[in-house]
Amino acid sequence: MQTASDDSLRTARDREIAPWPHAELDVAALRRAGHRPFPFRQFVLKVHSRCNLDCTYCVIYQGEDARWRGRPARVAPGVMRQTALRIAEHAAVHGLSEVRIDLHGGEPLLSGAEPALAYVAAVRAALPAEVTLRATVQSNGTLITDRTLDRLADANIRVGLSLDGGTAHLNRRRVDKAGRPSWPAAERAARLLADRPEIYAGILCAIDVRSDPAEVYESLAELRPPRLDLLLPHANWSSPPPGLPARAPGARTAVPTPYGDWLATAFDLWWDGAPDGSQPRVRLFTEVVGLLLGVPSTTESVGLSPTCAVVVHTDGSVEQIDSLNLAYDRATATGLDVFGHRFDEALDHPGIAARQLGMEGLADDCRACPVGRVCGGGNYGHRFSLGSGFRHPSVYCADLERLVRHAAARLSAVMPRN
């Protein structure tokens, strides 16, 4: 159990490591000036804190924060019930008509489907009938069977997969604890879900810039996901991604754009489409095109939309999203939990408040950038630099500009001349 002393030490360390936002953002002053928080609409609920895979790039198990070792392996019924009550309370206070819960891990199906089903049932029981609940399990696919999908479908729970591509070679980084490939079981799950489009949520794919973008995109499209999320690997200025040199925050002189080039190639494959129109909806690309047309974003990865997501771990602790794990130890911590705190209290945490500021929360370079409103500074975790914090452009700044300008050129070519 975290003590008040532990919380004070954590806060002091946050201020030293990441002055923005922990020392420099005055949330109380923001509220006095009339800046109201946006309520949470997405709740990432940790069903299991362990995983049966040992992916080489995992931000949870390969990141800076090892607190997962001390958390309960499986969420207890009491945590489920209290979390459900807090979600219902938050929905009532803010008049929400819809709530989204994403069941994560580790691997959320590590103990079978029952914990996920019980968690969803608890939230449904707590929410008023007029509030729509949308639930998704995000799985590595290795434990999915027809029976599992039957049970999840009966509970109206959709299923998303995490893959690195649609072949064994592309998934070489996704191995179990003994180093054995996960692909045979994951491929089986993908085939089963392709035949059940009513519960197939889509595929999350972390980009490996060494892989051929055409092979990745086309092999994943063959698995018939309704949606495909192509994710930049979690990295920052202090831990740069493979293929990009270490450099000072914001430095752009003669910076290569391997990730932007990769994404531009994939964008063309998606934009030109399959002859039968069967290509998946690629979230990053649809968001960028929408933003270029003036449509607000629905994701925090690009655009200026405020974060509306929060995480609840198996012990009931309330934290920020996992992508911050690469920044520093306990970067996701808020010092809050569902037993002693309302979700509204998390809205006033500096890390969450900073990600609801839109253009005001960006670095000067981003505010002055002609594509700043489209890329939105990129993923918040990708802006971090040790000793100064998160008020920098993304470590993928040049790559994001490459993608945005490429998408703008393709869009411009089909727009009316006037």
# chains A, B, ... in the order shown; residues from 1 in each chain; ligands from 1

$ select_by_dssp --residues "range 198-247 of chain A" --states "strand (DSSP E or B)" --output "PyMOL selection string"
chain A and resi 200-206+227-231

$ residues_around --residues "range 57-69 of chain A" --least-positions-apart "4" --cutoff "12 Å" --atoms "only C-alpha atoms" --output "MDAnalysis selection string"
chainID A and resid 1:2 46 48:53 73:74 104:107 162 164 171:175 177 206:208 232:235 239 241:242 313:315 317 321:333 381

$ closest_residue --among "A:Ser301, A:Gln320, A:Thr148, A:Gln42" --to "Val288 in chain A" --atoms "only C-alpha atoms"
A:Ser301

$ closest_residue --among "A:Pro39, A:Arg383, A:Glu345, A:Gly303" --to "Gly290 in chain A" --atoms "only C-alpha atoms"
A:Gly303

$ closest_atom_pairs --of "range 199-317 of chain A" --to "range 125-144 of chain A" --cutoff "12 Å" --atoms "only C-alpha atoms" --output "JSON lines"
{"residue": "A:Ile199", "atom": "CA", "partner": "A:Thr136", "partner_atom": "CA", "distance": 8.7}
{"residue": "A:Tyr200", "atom": "CA", "partner": "A:Thr136", "partner_atom": "CA", "distance": 9.3}
{"residue": "A:Ala201", "atom": "CA", "partner": "A:Thr136", "partner_atom": "CA", "distance": 7.3}
{"residue": "A:Gly202", "atom": "CA", "partner": "A:Gln138", "partner_atom": "CA", "distance": 9.3}
{"residue": "A:Ile203", "atom": "CA", "partner": "A:Gln138", "partner_atom": "CA", "distance": 9.0}
{"residue": "A:Leu204", "atom": "CA", "partner": "A:Gln138", "partner_atom": "CA", "distance": 8.8}
{"residue": "A:Cys205", "atom": "CA", "partner": "A:Asn140", "partner_atom": "CA", "distance": 11.0}

$ write_last_selection --atoms "N, CA, C and O atoms" --output "compact mmCIF listing (two decimals), in the first residue's frame"
# COMPACT_ATOMS: atom_id res chain seq x y z
N ILE A 199 -17.98 -9.12 -33.86
CA ILE A 199 -17.23 -8.87 -32.63
C ILE A 199 -15.76 -8.56 -32.89
O ILE A 199 -14.98 -8.38 -31.95
N TYR A 200 -15.37 -8.45 -34.14
CA TYR A 200 -13.97 -8.21 -34.50
C TYR A 200 -13.71 -6.70 -34.41
O TYR A 200 -14.21 -5.93 -35.23
N ALA A 201 -12.91 -6.27 -33.43
CA ALA A 201 -12.65 -4.84 -33.26
C ALA A 201 -11.54 -4.35 -34.17
O ALA A 201 -11.52 -3.17 -34.54
N GLY A 202 -10.58 -5.22 -34.52
CA GLY A 202 -9.48 -4.81 -35.38
C GLY A 202 -8.14 -5.25 -34.85
O GLY A 202 -8.05 -6.06 -33.92
N ILE A 203 -7.07 -4.71 -35.43
CA ILE A 203 -5.71 -5.10 -35.10
C ILE A 203 -4.88 -3.87 -34.75
O ILE A 203 -4.94 -2.86 -35.45
N LEU A 204 -4.13 -3.99 -33.66
CA LEU A 204 -3.11 -3.00 -33.31
C LEU A 204 -1.77 -3.53 -33.77
O LEU A 204 -1.41 -4.67 -33.48
N CYS A 205 -1.00 -2.71 -34.48
CA CYS A 205 0.29 -3.13 -35.01
C CYS A 205 1.35 -2.08 -34.71
O CYS A 205 1.25 -0.95 -35.17

$ atom_distance --atom1 "CA of Ala363 in chain A" --atom2 "CA of Gly377 in chain A"
7.9 Å

$ closest_residue --among "A:Ala368, A:Pro306, A:Gly250, A:Cys55" --to "Phe390 in chain A" --atoms "only C-alpha atoms"
A:Gly250

$ atom_distance --atom1 "CA of Gly294 in chain A" --atom2 "CA of Ala221 in chain A"
27.8 Å

$ atom_distance --atom1 "CA of Asn236 in chain A" --atom2 "CA of Tyr396 in chain A"
8.4 Å

$ residues_around --residues "range 76-93 of chain A" --least-positions-apart "6" --cutoff "7 Å" --atoms "only C-alpha atoms" --output "PyMOL selection string"
chain A and resi 119+122-123+126-127+315-316+338-339+342-343

$ closest_residue --among "A:Val311, A:Val404, A:Ala354, A:Val374" --to "Glu24 in chain A" --atoms "only C-alpha atoms"
A:Ala354

$ closest_residue --among "A:Val289, A:Ala190, A:Leu400, A:Ile352" --to "Trp262 in chain A" --atoms "only C-alpha atoms"
A:Leu400

$ decode --residues "range 163-176 of chain A" --atoms "all heavy atoms" --output "CSV table (one decimal), in the first residue's frame"
chain,number,residue,atom,x,y,z
A,163,LEU,N,-0.8,-7.5,-33.2
A,163,LEU,CA,0.1,-8.3,-34.0
A,163,LEU,C,1.1,-7.3,-34.7
A,163,LEU,O,0.9,-6.1,-34.7
A,163,LEU,CB,-0.7,-9.0,-35.2
A,163,LEU,CG,-1.8,-10.0,-34.8
A,163,LEU,CD1,-2.6,-10.4,-36.0
A,163,LEU,CD2,-1.1,-11.2,-34.1
A,164,ASP,N,2.2,-7.9,-35.2
A,164,ASP,CA,3.1,-7.1,-35.9
A,164,ASP,C,3.1,-7.2,-37.4
A,164,ASP,O,3.9,-6.7,-38.1
A,164,ASP,CB,4.6,-7.4,-35.4
A,164,ASP,CG,4.8,-7.0,-34.0
A,164,ASP,OD1,4.0,-6.2,-33.4
A,164,ASP,OD2,5.9,-7.4,-33.4
A,165,GLY,N,2.1,-8.0,-37.9
A,165,GLY,CA,2.0,-8.3,-39.3
A,165,GLY,C,1.2,-9.6,-39.4
A,165,GLY,O,0.8,-10.2,-38.4
A,166,GLY,N,1.0,-10.0,-40.7
A,166,GLY,CA,0.2,-11.2,-40.9
A,166,GLY,C,1.0,-12.4,-41.3
A,166,GLY,O,0.5,-13.3,-42.0
A,167,THR,N,2.3,-12.5,-40.9
A,167,THR,CA,3.1,-13.7,-41.2
A,167,THR,C,3.9,-14.0,-40.0
A,167,THR,O,4.1,-13.2,-39.1
A,167,THR,CB,4.1,-13.4,-42.4
A,167,THR,OG1,5.0,-12.4,-42.0
A,167,THR,CG2,3.3,-12.9,-43.6
A,168,ALA,N,4.5,-15.2,-40.0
A,168,ALA,CA,5.3,-15.6,-38.9
A,168,ALA,C,6.6,-14.8,-38.8
A,168,ALA,O,7.0,-14.4,-37.7
A,168,ALA,CB,5.7,-17.1,-39.1
A,169,HIS,N,7.2,-14.4,-39.9
A,169,HIS,CA,8.4,-13.6,-39.9
A,169,HIS,C,8.1,-12.3,-39.3
A,169,HIS,O,9.0,-11.8,-38.5
A,169,HIS,CB,8.9,-13.5,-41.3
A,169,HIS,CG,10.0,-12.5,-41.5
A,169,HIS,ND1,11.3,-12.8,-40.9
A,169,HIS,CD2,10.1,-11.3,-42.0
A,169,HIS,CE1,12.1,-11.7,-41.2
A,169,HIS,NE2,11.4,-10.8,-41.8
A,170,LEU,N,7.1,-11.6,-39.7
A,170,LEU,CA,6.8,-10.3,-39.2
A,170,LEU,C,6.5,-10.3,-37.7
A,170,LEU,O,6.7,-9.3,-37.0
A,170,LEU,CB,5.6,-9.7,-39.9
A,170,LEU,CG,5.9,-9.4,-41.4
A,170,LEU,CD1,4.6,-8.9,-42.1
A,170,LEU,CD2,6.9,-8.3,-41.5
A,171,ASN,N,6.1,-11.4,-37.1
A,171,ASN,CA,5.8,-11.5,-35.7
A,171,ASN,C,6.9,-12.1,-34.9
A,171,ASN,O,6.7,-12.7,-33.8
A,171,ASN,CB,4.5,-12.3,-35.5
A,171,ASN,CG,3.3,-11.5,-35.8
A,171,ASN,OD1,2.8,-10.7,-35.0
A,171,ASN,ND2,2.8,-11.6,-37.1
A,172,ARG,N,8.1,-12.0,-35.4
A,172,ARG,CA,9.3,-12.7,-34.8
A,172,ARG,C,9.6,-12.1,-33.4
A,172,ARG,O,10.2,-12.8,-32.6
A,172,ARG,CB,10.5,-12.6,-35.7
A,172,ARG,CG,10.9,-11.2,-36.0
A,172,ARG,CD,12.0,-11.1,-37.1
A,172,ARG,NE,12.4,-9.7,-37.4
A,172,ARG,CZ,11.7,-8.9,-38.2
A,172,ARG,NH1,10.6,-9.4,-38.8
A,172,ARG,NH2,12.1,-7.7,-38.5
A,173,ARG,N,9.2,-10.9,-33.1
A,173,ARG,CA,9.5,-10.3,-31.8
A,173,ARG,C,8.4,-10.7,-30.8
A,173,ARG,O,8.6,-10.5,-29.6
A,173,ARG,CB,9.5,-8.8,-31.9
A,173,ARG,CG,10.5,-8.2,-32.9
A,173,ARG,CD,10.5,-6.7,-32.9
A,173,ARG,NE,9.2,-6.2,-33.4
A,173,ARG,CZ,8.8,-4.9,-33.4
A,173,ARG,NH1,9.6,-4.0,-32.9
A,173,ARG,NH2,7.7,-4.5,-33.9
A,174,ARG,N,7.4,-11.3,-31.2
A,174,ARG,CA,6.3,-11.7,-30.3
A,174,ARG,C,6.4,-13.2,-30.0
A,174,ARG,O,5.9,-14.1,-30.6
A,174,ARG,CB,4.9,-11.4,-30.9
A,174,ARG,CG,4.7,-10.0,-31.3
A,174,ARG,CD,3.4,-9.7,-31.9
A,174,ARG,NE,2.3,-9.9,-30.9
A,174,ARG,CZ,1.9,-9.1,-30.0
A,174,ARG,NH1,2.6,-7.9,-29.9
A,174,ARG,NH2,1.0,-9.3,-29.1
A,175,VAL,N,7.2,-13.4,-28.9
A,175,VAL,CA,7.5,-14.8,-28.5
A,175,VAL,C,7.0,-15.0,-27.0
A,175,VAL,O,6.8,-14.1,-26.3
A,175,VAL,CB,9.0,-15.1,-28.6
A,175,VAL,CG1,9.4,-15.0,-30.1
A,175,VAL,CG2,9.8,-14.1,-27.8
A,176,ASP,N,7.0,-16.3,-26.6
A,176,ASP,CA,6.6,-16.6,-25.3
A,176,ASP,C,7.8,-16.6,-24.4
A,176,ASP,O,8.9,-16.3,-24.8
A,176,ASP,CB,5.8,-17.9,-25.1
A,176,ASP,CG,6.6,-19.1,-25.5
A,176,ASP,OD1,7.9,-19.0,-25.5
A,176,ASP,OD2,6.0,-20.2,-25.6
